[in-house]
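Heads up, the thing below is written out as structure tokens.
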Amino acid sequence: MKSKKIRICIVVCDITSGGVETVLLNYFTHIDCSMYKLDLVTYGITSEICADKFKKLGFNIIKIPPKREGFIKSIKEMNKVIKHGKYDIVHTHLTEWNCIPMFLAWKSNVSKRISHSHMADFSLGFKKKIVFSFQKILNKCFANKFCACGKEAAIYLYGEKWVNENKVQILYNAIDIKRFKPDIKVREKIRKYLNIENNVFCVGHIGRFLEQKNHEFLIDIFFELHKKNNNSCLVLLGTGVLENKIKQKVLSLKIDASVKFLGVKNNIEEYYQAMDVFCLPSLFEGLPVVGVESQAANVPSVVSDTISKEILITPLVKMMSLSKSANEWAEALLNSNKLKATVNYFPDEYNIEKAAVAWRNLYELGEDNK
């Protein structure tokens with residue numbers, strides 16, 4: 001007799017090529033999905049490539065109206081999905097907005113309600129802090145399992161006291177390290193495809209075009225770098241609402257011949273190989289999976305110090321303050337060849353083959369449910 005499949009509802013903001021979706025795909029690719037009935041609830045799909053990957057793993061994708069189209073309408077639709085889904089587990093990845101699916105799951109008697117934090121934004125304005133304080137309280141009331149991608153993301157959503165009391169499980173943004181192994185032939189192939197000569201200094205960035213990712217400052221940095229070394233280029237992977245604005249800025253600075261907008265790529269691991277340095281000047285992050293990937297690919301990285309210090313996995317990473325000038329950032333990128341390390345070892349928590357065991361255990365029922 002076949003055992004009954006565990007019914008799981010995963011809640012994300014949008015299905016994009018972003019970090020949360022990458023993390024989910026990494027983990028679910030390395031666990032036996034046939035054990036589960038998987039629904040993925042989302043406010044929208046901006047990457048069909050990413051959506052297809054979820055479908056191939058057996059996910060049923062359910063779209064609901066985003067909050068911007070009507071807050072109450074959005075909640076009602078999510079409630080309808082959770083109520084009729086008869087789920088054993090609801091696992092939400094909306095960080096501060098986890099409180100909504102957690103409340104709806106509690107109301108529908110879902111036995112395991114998992115809140116997952118992926119962000120660490122400590123620069124909240126006054127009004128946002130007030131709203132966030134209520135969101136955190138509600139989330140703690142209605143979830144009964146608490147996870148985060150790193151310690152700072154855990155503190156952000158649950159508070160330092162809960163982290164110190166081991167009430168939060170840290171599940172790092174693990175990757176398939178073998179995929180990112182440095183390969184000179186791949187580097188040559190991608191550079192040829194992108195028409196980048198061997199002697200060109202290539203700066204890379206991967207991320208959605210959102211305010212958080214700080215693309216405007218990134219363009220300022222590259223503008224200064226290009227003045228110092230005109231035999232350089234910037235490759236940008238990703239899409240987003242600010243993409244056209246950034247393209248206009250590139251045109252206005254007359255560096256469009258040296259900046260490549262590549263969109264979403266299915267073989268992201270190969271594009272790291274083409275880079276000489278990776279730059280991530282984000283305004284805030286939890287533990288960005290791209291920062292883990294760049295190190296596995298043996299690419300030096302210059303990142304903002306607003307990112308969780310847990311990103312310092314290898315000596316390949318240099319942290320910079322966003323108060324530093326674009327010129328100072330440019331100098332750090334040009335000197336990034338000093339950040340040398342041959343990555344022969346990654347901690348188990350970042351190795352998906354080891355970390356997937358903890359994720360699978362997360363879906364065991366009956367152990368810590370209310």
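Identifiers in this document derive from the order of the structure tokens: chains are assigned A, B, ..., residues are numbered from 1 separately in each chain, and ligands are numbered from 1 in order of occurrence.
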
Next on the checklist: Set the distance at 6 Å and use only C-alpha atoms: which residues neighbour Cys9 in chain A once local chain neighbours fewer than 5 positions away are removed? I'd like the list as number ranges by chain.
Outcome noted: A: 39-40, 90

Next on the checklist: I'd like the neighbourhood of Asp52 in chain A as a ChimeraX atom specification, where a residue qualifies if any of its atoms comes within 12 Å (using only C-alpha atoms), though same-chain residues fewer than 6 positions away should be ignored.
Outcome noted: /A:15-17,21,25,45-46,58-61,266

Checklist entry - In range 137-274 of chain A, what's strand (DSSP E or B) per DSSP? Answer as an MDAnalysis selection string? => result chainID A and resid 145:148 169:170 175 201:206 232:237 259:263

Item to check | Best match for closeness to Tyr350 in chain A among A:Ile177, A:Ile64, A:Ile10, A:Cys147, counting only C-alpha atoms | outcome: A:Ile177

Item to check | Nearby residues (only C-alpha atoms) at most 12 Å from Glu328 in chain A, same-chain spacing under 6 positions excluded, as JSON, numbers by chain | outcome: {"A": [220, 221, 222, 223, 224, 225, 228, 302, 320, 321, 322, 334, 335]}

Output all heavy atoms of each residue in that selection to a file, as a compact mmCIF listing (two decimals), in the first residue's frame.
# COMPACT_ATOMS: atom_id res chain seq x y z
N ASP A 220 27.74 53.68 -11.28
CA ASP A 220 28.72 54.73 -10.90
C ASP A 220 30.10 54.12 -10.67
O ASP A 220 31.12 54.69 -11.08
CB ASP A 220 28.26 55.45 -9.63
CG ASP A 220 27.04 56.31 -9.85
OD1 ASP A 220 26.79 56.73 -11.00
OD2 ASP A 220 26.31 56.57 -8.86
N ILE A 221 30.12 52.98 -10.01
CA ILE A 221 31.39 52.30 -9.75
C ILE A 221 32.08 51.92 -11.06
O ILE A 221 33.27 52.18 -11.26
CB ILE A 221 31.17 51.03 -8.89
CG1 ILE A 221 30.68 51.40 -7.49
CG2 ILE A 221 32.45 50.19 -8.81
CD1 ILE A 221 30.13 50.22 -6.70
N PHE A 222 31.28 51.31 -11.96
CA PHE A 222 31.89 50.88 -13.22
C PHE A 222 32.33 52.08 -14.07
O PHE A 222 33.35 52.01 -14.76
CB PHE A 222 30.93 49.99 -14.02
CG PHE A 222 31.54 49.53 -15.32
CD1 PHE A 222 32.57 48.60 -15.32
CD2 PHE A 222 31.13 50.07 -16.53
CE1 PHE A 222 33.17 48.20 -16.51
CE2 PHE A 222 31.72 49.68 -17.72
CZ PHE A 222 32.74 48.74 -17.71
N PHE A 223 31.58 53.16 -14.00
CA PHE A 223 31.96 54.38 -14.73
C PHE A 223 33.35 54.85 -14.30
O PHE A 223 34.20 55.18 -15.14
CB PHE A 223 30.92 55.47 -14.47
CG PHE A 223 31.21 56.78 -15.16
CD1 PHE A 223 31.18 56.89 -16.54
CD2 PHE A 223 31.52 57.92 -14.42
CE1 PHE A 223 31.45 58.09 -17.19
CE2 PHE A 223 31.80 59.12 -15.04
CZ PHE A 223 31.77 59.21 -16.43
N GLU A 224 33.60 54.84 -12.98
CA GLU A 224 34.91 55.23 -12.46
C GLU A 224 35.98 54.21 -12.85
O GLU A 224 37.11 54.57 -13.21
CB GLU A 224 34.86 55.37 -10.94
CG GLU A 224 33.97 56.48 -10.43
CD GLU A 224 34.44 57.86 -10.89
OE1 GLU A 224 35.67 58.05 -11.06
OE2 GLU A 224 33.57 58.73 -11.09
N LEU A 225 35.62 52.94 -12.79
CA LEU A 225 36.57 51.88 -13.15
C LEU A 225 36.96 51.99 -14.63
O LEU A 225 38.14 51.85 -14.99
CB LEU A 225 35.95 50.51 -12.86
CG LEU A 225 36.82 49.27 -13.06
CD1 LEU A 225 36.38 48.15 -12.11
CD2 LEU A 225 36.73 48.73 -14.50
N LYS A 228 39.56 54.46 -15.44
CA LYS A 228 40.90 53.99 -15.07
C LYS A 228 41.41 52.91 -16.02
O LYS A 228 42.61 52.80 -16.27
CB LYS A 228 40.88 53.43 -13.64
CG LYS A 228 40.49 54.44 -12.56
CD LYS A 228 40.29 53.73 -11.23
CE LYS A 228 39.75 54.67 -10.18
NZ LYS A 228 40.72 55.72 -9.80
N VAL A 302 33.71 41.72 -4.44
CA VAL A 302 33.67 42.92 -3.61
C VAL A 302 32.21 43.20 -3.32
O VAL A 302 31.41 43.42 -4.24
CB VAL A 302 34.34 44.12 -4.32
CG1 VAL A 302 34.28 45.36 -3.43
CG2 VAL A 302 35.79 43.79 -4.68
N MET A 320 33.00 46.18 1.60
CA MET A 320 33.21 47.62 1.48
C MET A 320 32.00 48.36 2.04
O MET A 320 30.85 47.93 1.85
CB MET A 320 33.39 48.02 0.01
CG MET A 320 34.66 47.54 -0.65
SD MET A 320 36.05 48.65 -0.35
CE MET A 320 35.59 50.08 -1.33
N SER A 321 32.24 49.50 2.65
CA SER A 321 31.15 50.34 3.13
C SER A 321 30.53 51.10 1.96
O SER A 321 31.24 51.56 1.05
CB SER A 321 31.67 51.34 4.16
OG SER A 321 30.68 52.30 4.46
N LEU A 322 29.21 51.24 1.99
CA LEU A 322 28.53 52.01 0.96
C LEU A 322 28.78 53.51 1.12
O LEU A 322 28.42 54.30 0.24
CB LEU A 322 27.02 51.72 0.98
CG LEU A 322 26.62 50.31 0.52
CD1 LEU A 322 25.14 50.09 0.72
CD2 LEU A 322 27.01 50.08 -0.94
N LEU A 334 39.53 46.74 -9.16
CA LEU A 334 40.74 46.60 -9.98
C LEU A 334 41.84 45.85 -9.25
O LEU A 334 42.71 45.24 -9.87
CB LEU A 334 41.22 47.98 -10.43
CG LEU A 334 40.36 48.68 -11.48
CD1 LEU A 334 40.78 50.13 -11.64
CD2 LEU A 334 40.44 47.94 -12.82
N ASN A 335 41.83 45.92 -7.92
CA ASN A 335 42.84 45.23 -7.12
C ASN A 335 42.36 43.89 -6.58
O ASN A 335 43.01 43.29 -5.71
CB ASN A 335 43.27 46.12 -5.95
CG ASN A 335 44.06 47.32 -6.41
OD1 ASN A 335 44.93 47.21 -7.27
ND2 ASN A 335 43.75 48.49 -5.85

Item to check | Residue contacts of range 199-215 of chain A (9 Å, only C-alpha atoms) excluding same-chain residues fewer than 4 positions away, as a PyMOL selection string | outcome: chain A and resi 16-19+219-220+222+229-243+246+268+271-272+274-285+290+333-334

Keeping only N, CA and C atoms, write the selected residues as a short mmCIF file (atom, residue, chain, number, x, y, z; two decimals), in the first residue's frame.
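Result written to out-v2.cif:
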data_model
loop_
_atom_site.label_atom_id
_atom_site.label_comp_id
_atom_site.auth_asym_id
_atom_site.auth_seq_id
_atom_site.Cartn_x
_atom_site.Cartn_y
_atom_site.Cartn_z
N THR A 16 10.84 34.44 -10.01
CA THR A 16 11.80 35.16 -10.81
C THR A 16 13.08 34.32 -10.87
N SER A 17 14.14 34.94 -11.33
CA SER A 17 15.44 34.26 -11.32
C SER A 17 16.21 34.61 -10.05
N GLY A 18 15.50 35.11 -9.03
CA GLY A 18 16.15 35.62 -7.83
C GLY A 18 16.60 34.57 -6.85
N GLY A 19 17.11 35.06 -5.72
CA GLY A 19 17.75 34.20 -4.75
C GLY A 19 16.86 33.17 -4.10
N ILE A 219 26.57 51.15 -11.39
CA ILE A 219 26.93 51.83 -12.64
C ILE A 219 27.93 52.95 -12.38
N ASP A 220 27.74 53.68 -11.28
CA ASP A 220 28.72 54.73 -10.90
C ASP A 220 30.10 54.12 -10.67
N PHE A 222 31.28 51.31 -11.96
CA PHE A 222 31.89 50.88 -13.22
C PHE A 222 32.33 52.08 -14.07
N ASN A 229 40.48 52.09 -16.51
CA ASN A 229 40.85 50.99 -17.41
C ASN A 229 39.75 50.85 -18.45
N ASN A 230 39.96 51.49 -19.61
CA ASN A 230 38.91 51.44 -20.63
C ASN A 230 38.82 50.10 -21.34
N ASN A 231 39.75 49.21 -21.01
CA ASN A 231 39.69 47.84 -21.55
C ASN A 231 38.95 46.96 -20.54
N SER A 232 37.71 47.37 -20.25
CA SER A 232 36.91 46.69 -19.22
C SER A 232 35.46 46.63 -19.65
N CYS A 233 34.72 45.72 -19.04
CA CYS A 233 33.29 45.61 -19.34
C CYS A 233 32.53 45.21 -18.08
N LEU A 234 31.24 45.43 -18.11
CA LEU A 234 30.34 45.06 -17.02
C LEU A 234 29.24 44.18 -17.58
N VAL A 235 29.05 42.99 -17.01
CA VAL A 235 27.95 42.12 -17.44
C VAL A 235 26.92 42.05 -16.31
N LEU A 236 25.66 42.29 -16.69
CA LEU A 236 24.56 42.32 -15.74
C LEU A 236 23.56 41.23 -16.09
N LEU A 237 23.34 40.31 -15.17
CA LEU A 237 22.37 39.24 -15.39
C LEU A 237 21.17 39.44 -14.48
N GLY A 238 19.98 39.32 -15.05
CA GLY A 238 18.76 39.50 -14.28
C GLY A 238 17.80 40.43 -15.01
N THR A 239 16.60 40.52 -14.50
CA THR A 239 15.59 41.43 -15.02
C THR A 239 14.92 42.13 -13.84
N GLY A 240 14.05 43.08 -14.12
CA GLY A 240 13.36 43.75 -13.03
C GLY A 240 12.80 45.09 -13.43
N VAL A 241 12.04 45.68 -12.54
CA VAL A 241 11.29 46.91 -12.84
C VAL A 241 12.19 48.11 -13.12
N LEU A 242 13.42 48.10 -12.61
CA LEU A 242 14.32 49.24 -12.80
C LEU A 242 15.29 49.06 -13.96
N GLU A 243 15.11 48.00 -14.72
CA GLU A 243 16.08 47.70 -15.78
C GLU A 243 16.17 48.83 -16.81
N ILE A 246 18.07 51.82 -15.50
CA ILE A 246 19.52 51.59 -15.47
C ILE A 246 20.10 51.66 -16.87
N ILE A 268 23.61 29.74 -15.43
CA ILE A 268 24.23 30.84 -14.69
C ILE A 268 25.64 30.50 -14.23
N TYR A 271 28.43 31.62 -16.55
CA TYR A 271 28.70 33.05 -16.68
C TYR A 271 29.64 33.56 -15.59
N TYR A 272 29.65 32.91 -14.43
CA TYR A 272 30.64 33.28 -13.42
C TYR A 272 32.05 33.08 -13.96
N ALA A 274 33.23 33.65 -16.77
CA ALA A 274 33.69 34.74 -17.65
C ALA A 274 34.14 35.96 -16.85
N MET A 275 33.80 36.02 -15.55
CA MET A 275 34.06 37.21 -14.75
C MET A 275 35.47 37.20 -14.15
N ASP A 276 36.03 38.40 -14.04
CA ASP A 276 37.29 38.57 -13.32
C ASP A 276 37.03 38.98 -11.88
N VAL A 277 35.91 39.62 -11.65
CA VAL A 277 35.50 40.01 -10.30
C VAL A 277 33.98 40.12 -10.27
N PHE A 278 33.41 39.80 -9.12
CA PHE A 278 31.97 39.89 -8.91
C PHE A 278 31.70 41.05 -7.96
N CYS A 279 30.72 41.89 -8.27
CA CYS A 279 30.44 43.06 -7.45
C CYS A 279 28.99 43.04 -6.98
N LEU A 280 28.79 43.22 -5.67
CA LEU A 280 27.45 43.17 -5.09
C LEU A 280 27.30 44.30 -4.06
N PRO A 281 26.95 45.52 -4.52
CA PRO A 281 26.84 46.65 -3.60
C PRO A 281 25.43 46.84 -3.04
N SER A 282 24.79 45.75 -2.63
CA SER A 282 23.39 45.78 -2.19
C SER A 282 23.20 46.68 -0.96
N LEU A 283 22.03 47.29 -0.89
CA LEU A 283 21.68 48.12 0.27
C LEU A 283 21.43 47.25 1.49
N PHE A 284 20.89 46.06 1.28
CA PHE A 284 20.69 45.09 2.35
C PHE A 284 20.50 43.71 1.73
N GLU A 285 20.85 42.69 2.48
CA GLU A 285 20.72 41.30 2.05
C GLU A 285 20.63 40.43 3.29
N VAL A 290 24.07 34.29 -4.58
CA VAL A 290 25.06 34.63 -5.61
C VAL A 290 26.45 34.81 -5.01
N LEU A 333 37.85 46.89 -6.92
CA LEU A 333 37.58 45.92 -7.99
C LEU A 333 38.83 45.67 -8.82
N LEU A 334 39.53 46.74 -9.16
CA LEU A 334 40.74 46.60 -9.98
C LEU A 334 41.84 45.85 -9.25
#
